[in-house]
$ cat upload-v8.txt   # compact mmCIF, C-alpha atoms and all ligand atoms
# COMPACT_ATOMS: atom_id res chain seq x y z
CA MET A 1425 135.73 82.49 32.09
CA LEU A 1426 135.20 82.99 35.83
CA PRO A 1427 132.69 80.73 37.59
CA LEU A 1428 129.33 82.28 38.41
CA LEU A 1429 128.52 82.97 42.06
CA THR A 1430 125.45 81.87 43.98
CA ILE A 1431 123.41 84.48 45.83
CA GLY A 1432 124.81 83.13 49.12
CA GLU A 1433 128.38 83.57 47.91
CA VAL A 1434 127.64 87.09 46.73
CA ALA A 1435 125.97 87.92 50.06
CA ARG A 1436 128.93 86.58 52.04
CA ARG A 1437 131.54 88.34 49.95
CA SER A 1438 129.70 91.66 49.64
CA GLY A 1439 128.29 91.80 53.16
CA VAL A 1440 124.87 92.59 51.68
CA ALA A 1441 121.91 90.39 52.67
CA ALA A 1442 120.45 88.09 50.03
CA SER A 1443 117.10 89.88 50.41
CA ALA A 1444 118.80 93.19 49.57
CA LEU A 1445 120.48 91.58 46.55
CA ARG A 1446 117.09 90.40 45.29
CA PHE A 1447 115.75 93.92 45.86
CA TYR A 1448 118.65 95.46 43.90
CA GLU A 1449 117.90 93.03 41.12
CA GLU A 1450 114.19 93.90 41.12
CA ARG A 1451 115.23 97.57 40.81
CA GLY A 1452 117.47 96.71 37.85
CA LEU A 1453 120.69 97.70 39.64
CA ILE A 1454 122.29 94.28 39.25
CA ALA A 1455 121.53 91.29 37.06
CA SER A 1456 121.85 87.54 37.40
CA GLU A 1457 121.56 84.57 35.16
CA ARG A 1458 119.34 81.63 36.01
CA ALA A 1459 120.87 78.22 36.49
CA GLY A 1460 119.04 75.15 35.21
CA SER A 1461 117.54 74.85 38.68
CA GLY A 1462 116.15 78.40 38.40
CA HIS A 1463 118.52 79.72 41.06
CA ARG A 1464 120.28 83.04 40.56
CA ARG A 1465 123.91 83.01 39.43
CA TYR A 1466 125.96 86.19 39.35
CA PRO A 1467 129.03 87.04 37.30
CA ARG A 1468 131.94 88.02 39.57
CA PRO A 1469 132.00 91.73 38.50
CA VAL A 1470 128.65 92.10 40.31
CA LEU A 1471 130.69 92.42 43.52
CA ARG A 1472 132.11 95.71 42.30
CA GLN A 1473 128.65 96.93 41.31
CA ILE A 1474 127.36 96.08 44.77
CA ALA A 1475 130.29 97.88 46.40
CA PHE A 1476 129.39 100.88 44.24
CA ILE A 1477 125.74 100.69 45.32
CA VAL A 1478 126.62 100.44 49.01
CA PHE A 1479 129.07 103.33 48.79
CA ALA A 1480 126.65 105.46 46.76
CA GLN A 1481 123.92 104.89 49.34
CA ARG A 1482 126.30 105.93 52.11
CA ILE A 1483 127.03 109.23 50.41
CA GLY A 1484 123.31 109.83 50.02
CA LEU A 1485 122.45 108.85 46.44
CA THR A 1486 118.94 107.49 45.98
CA LEU A 1487 118.41 104.15 44.27
CA ASP A 1488 117.14 105.99 41.18
CA GLU A 1489 120.32 108.07 41.08
CA ILE A 1490 122.42 104.95 41.55
CA GLY A 1491 120.57 103.27 38.69
CA ALA A 1492 121.25 106.28 36.46
CA GLU A 1493 124.96 106.18 37.38
CA LEU A 1494 125.22 102.44 36.75
CA ALA A 1495 123.52 102.91 33.37
CA LYS A 1496 126.56 104.97 32.31
CA LEU A 1497 128.73 101.85 32.50
CA PRO A 1498 129.30 99.86 29.30
CA LEU A 1499 127.01 96.90 28.73
CA GLU A 1500 129.15 95.12 26.17
CA ARG A 1501 132.05 94.44 28.55
CA ALA A 1502 132.99 94.42 32.24
CA PRO A 1503 133.65 97.98 33.45
CA ASN A 1504 137.33 98.78 33.70
CA ARG A 1505 139.24 101.07 36.02
CA ARG A 1506 138.72 104.07 33.74
CA ASP A 1507 134.94 103.54 33.64
CA TRP A 1508 134.78 103.41 37.43
CA SER A 1509 137.01 106.42 37.96
CA ARG A 1510 134.93 108.47 35.47
CA LEU A 1511 131.88 107.60 37.51
CA ALA A 1512 133.60 108.40 40.79
CA ARG A 1513 134.65 111.88 39.57
CA THR A 1514 131.01 112.89 39.25
CA TRP A 1515 130.57 112.06 42.93
CA ALA A 1516 133.10 114.49 44.30
CA GLY A 1517 130.52 117.26 44.71
CA ARG A 1518 128.11 114.88 46.38
CA ILE A 1519 130.74 113.70 48.82
CA ASP A 1520 131.60 117.33 49.66
CA GLN A 1521 127.89 118.02 50.31
CA ARG A 1522 127.69 114.98 52.56
CA ILE A 1523 130.80 116.03 54.51
CA ALA A 1524 129.36 119.53 55.00
CA GLU A 1525 126.06 118.04 56.15
CA LEU A 1526 127.79 115.76 58.66
CA GLU A 1527 129.84 118.67 59.97
CA ARG A 1528 126.64 120.70 60.45
CA LEU A 1529 125.09 117.77 62.30
CA LYS A 1530 128.18 117.43 64.46
CA ARG A 1531 128.18 121.15 65.27
CA GLY A 1532 124.46 121.06 66.03
CA LEU A 1533 124.82 118.09 68.34
CA THR A 1534 127.82 119.60 70.09
CA GLU A 1535 125.87 122.80 70.73
CA CYS A 1536 122.68 121.13 71.93
CA ILE A 1537 123.90 118.21 74.02
CA GLY A 1538 123.72 119.32 77.61
CA CYS A 1539 122.34 122.74 76.64
CA GLY A 1540 118.56 122.35 76.60
CA CYS A 1541 117.87 126.04 75.95
CA LEU A 1542 115.86 125.49 72.71
CA SER A 1543 116.62 129.11 71.89
CA ILE A 1544 114.56 130.26 68.91
CA GLU A 1545 117.47 132.37 67.66
CA ARG A 1546 120.23 129.80 67.67
CA CYS A 1547 119.00 126.27 68.37
CA LYS A 1548 118.59 123.87 65.46
CA LEU A 1549 116.22 121.74 67.52
CA ALA A 1550 113.79 124.59 68.25
CA ASN A 1551 110.95 124.70 65.73
CA PRO A 1552 108.03 126.59 67.28
CA GLY A 1553 104.82 126.30 65.26
CA ASP A 1554 106.66 123.91 62.90
CA ARG A 1555 108.02 126.83 60.84
CA ALA A 1556 110.51 124.43 59.28
CA ALA A 1557 107.69 122.63 57.41
CA ARG A 1558 107.43 125.66 55.06
CA LEU A 1559 110.94 124.92 53.81
CA GLY A 1560 110.17 121.34 52.77
CA PRO A 1561 110.12 117.85 54.25
CA GLY A 1562 112.66 116.54 56.74
CA PRO A 1563 114.79 118.17 59.42
CA ARG A 1564 115.30 121.43 57.47
CA TYR A 1565 117.57 123.25 59.94
CA TRP A 1566 119.78 120.19 60.33
CA VAL A 1567 120.32 119.94 56.59
CA GLY A 1568 121.39 123.56 56.37
CA ASP A 1569 118.25 125.70 55.94
CA CYS A 1570 117.97 128.76 58.15
CA PRO A 1571 114.87 129.59 60.20
CA PRO A 1572 112.73 132.30 58.51
CA GLY A 1573 113.57 135.79 59.71
S1 LIG A 1601 119.40 123.21 72.98
FE1 LIG A 1601 120.55 125.02 73.24
S2 LIG A 1601 121.33 125.40 71.27
FE2 LIG A 1601 120.09 123.68 71.03

$ encode --input "upload-v8.txt" --output "structure tokens" --more "lines below"
Ligand code: FES
Amino acid sequence: MLPLLTIGEVARRSGVAASALRFYEERGLIASERAGSGHRRYPRPVLRQIAFIVFAQRIGLTLDEIGAELAKLPLERAPNRRDWSRLARTWAGRIDQRIAELERLKRGLTECIGCGCLSIERCKLANPGDRAARLGPGPRYWVGDCPPG
């Protein structure tokens, strides 16, 4: 039986602030036990769950999506290599989307830096009359939508 970790130890080892760990716990993404003093104590496998959460956030999963993914892991035992790799396989498409998005951003930045034309036909920064708002929230042309017409 491995010793339980304090929230400070988990924060140091994971690189995630204690406040974020408490937030993850409030969202049901990780769980702790309470020591006699009432302080949180975490089983060591929580470090892998946190690494998963951090990585999933970096590839653009929302906390709800991360929670749904973590719910696929077995509750009756610590997740093993096969459990994690099964989970990771479902991410391949998401990672490809993220790579494509970053490449679009890179192309857009390369085109616009030092240009300044704001050409309606080709510039992803130009948005006269906020036409992009019709396509949804956020920077629509940067995420891959094309201007109408
Ligand atoms: S500013 Fe010229 S293409 Fe964006």

$ closest_residue --input "upload-v8.txt" --among "A:Arg1546, A:Arg1522, A:Ala1492, A:Gly1553" --to "A:Cys1570" --atoms "all atoms listed in the file"
A:Arg1546

$ residues_near_ligand --input "upload-v8.txt" --ligand "ligand LIG 1601 (chain A)" --cutoff "6 Å" --atoms "all atoms listed in the file" --output "short mmCIF file (atom, residue, chain, number, x, y, z; two decimals) with C-alpha atoms, in the coordinates of the input"
data_model
loop_
_atom_site.label_atom_id
_atom_site.label_comp_id
_atom_site.auth_asym_id
_atom_site.auth_seq_id
_atom_site.Cartn_x
_atom_site.Cartn_y
_atom_site.Cartn_z
CA GLU A 1535 125.87 122.80 70.73
CA CYS A 1536 122.68 121.13 71.93
CA CYS A 1539 122.34 122.74 76.64
CA GLY A 1540 118.56 122.35 76.60
CA CYS A 1541 117.87 126.04 75.95
CA LEU A 1542 115.86 125.49 72.71
CA SER A 1543 116.62 129.11 71.89
CA ARG A 1546 120.23 129.80 67.67
CA CYS A 1547 119.00 126.27 68.37
CA LYS A 1548 118.59 123.87 65.46
CA LEU A 1549 116.22 121.74 67.52
#

$ atom_distance --input "upload-v8.txt" --atom1 "atom CA of A:Trp1566" --atom2 "atom CA of A:Gly1517"
19.2 Å

$ atom_distance --input "upload-v8.txt" --atom1 "atom CA of A:Tyr1448" --atom2 "atom CA of A:Asp1507"
20.9 Å

$ atom_distance --input "upload-v8.txt" --atom1 "atom CA of A:Glu1450" --atom2 "atom CA of A:Arg1518"
25.7 Å

$ closest_residue --input "upload-v8.txt" --among "A:Tyr1565, A:Phe1479, A:Trp1515, A:Tyr1466" --to "A:Ile1431" --atoms "all atoms listed in the file"
A:Tyr1466

$ closest_residue --input "upload-v8.txt" --among "A:Thr1534, A:Ala1480, A:Pro1467, A:Glu1449" --to "A:Ala1516" --atoms "all atoms listed in the file"
A:Ala1480

$ residues_around --input "upload-v8.txt" --residues "A:Leu1453" --least-positions-apart "4" --cutoff "10 Å" --atoms "only C-alpha atoms" --output "short mmCIF file (atom, residue, chain, number, x, y, z; two decimals) with C-alpha atoms, in the coordinates of the input"
data_model
loop_
_atom_site.label_atom_id
_atom_site.label_comp_id
_atom_site.auth_asym_id
_atom_site.auth_seq_id
_atom_site.Cartn_x
_atom_site.Cartn_y
_atom_site.Cartn_z
CA LEU A 1445 120.48 91.58 46.55
CA ARG A 1446 117.09 90.40 45.29
CA PHE A 1447 115.75 93.92 45.86
CA TYR A 1448 118.65 95.46 43.90
CA GLU A 1449 117.90 93.03 41.12
CA VAL A 1470 128.65 92.10 40.31
CA GLN A 1473 128.65 96.93 41.31
CA ILE A 1474 127.36 96.08 44.77
CA ILE A 1477 125.74 100.69 45.32
CA LEU A 1487 118.41 104.15 44.27
CA ASP A 1488 117.14 105.99 41.18
CA ILE A 1490 122.42 104.95 41.55
CA GLY A 1491 120.57 103.27 38.69
CA ALA A 1492 121.25 106.28 36.46
CA GLU A 1493 124.96 106.18 37.38
CA LEU A 1494 125.22 102.44 36.75
CA ALA A 1495 123.52 102.91 33.37
#

$ closest_residue --input "upload-v8.txt" --among "A:Pro1503, A:Arg1558, A:Arg1451, A:His1463" --to "A:Glu1489" --atoms "only C-alpha atoms"
A:Arg1451

$ closest_residue --input "upload-v8.txt" --among "A:Lys1496, A:Leu1471, A:Ile1544, A:Val1567" --to "A:Lys1530" --atoms "only C-alpha atoms"
A:Val1567

$ axis_aligned_box --input "upload-v8.txt" --around "stretch 1430-1438 of chain A" --padding-each-side "8 Å" --output "lines of an AutoDock Vina configuration file"
center_x = 127.5
center_y = 86.8
center_z = 48.0
size_x = 24.1
size_y = 25.8
size_z = 24.1

$ closest_residue --input "upload-v8.txt" --among "A:Thr1486, A:Gln1521, A:Asn1551, A:Ser1438" --to "A:Pro1469" --atoms "all atoms listed in the file"
A:Ser1438
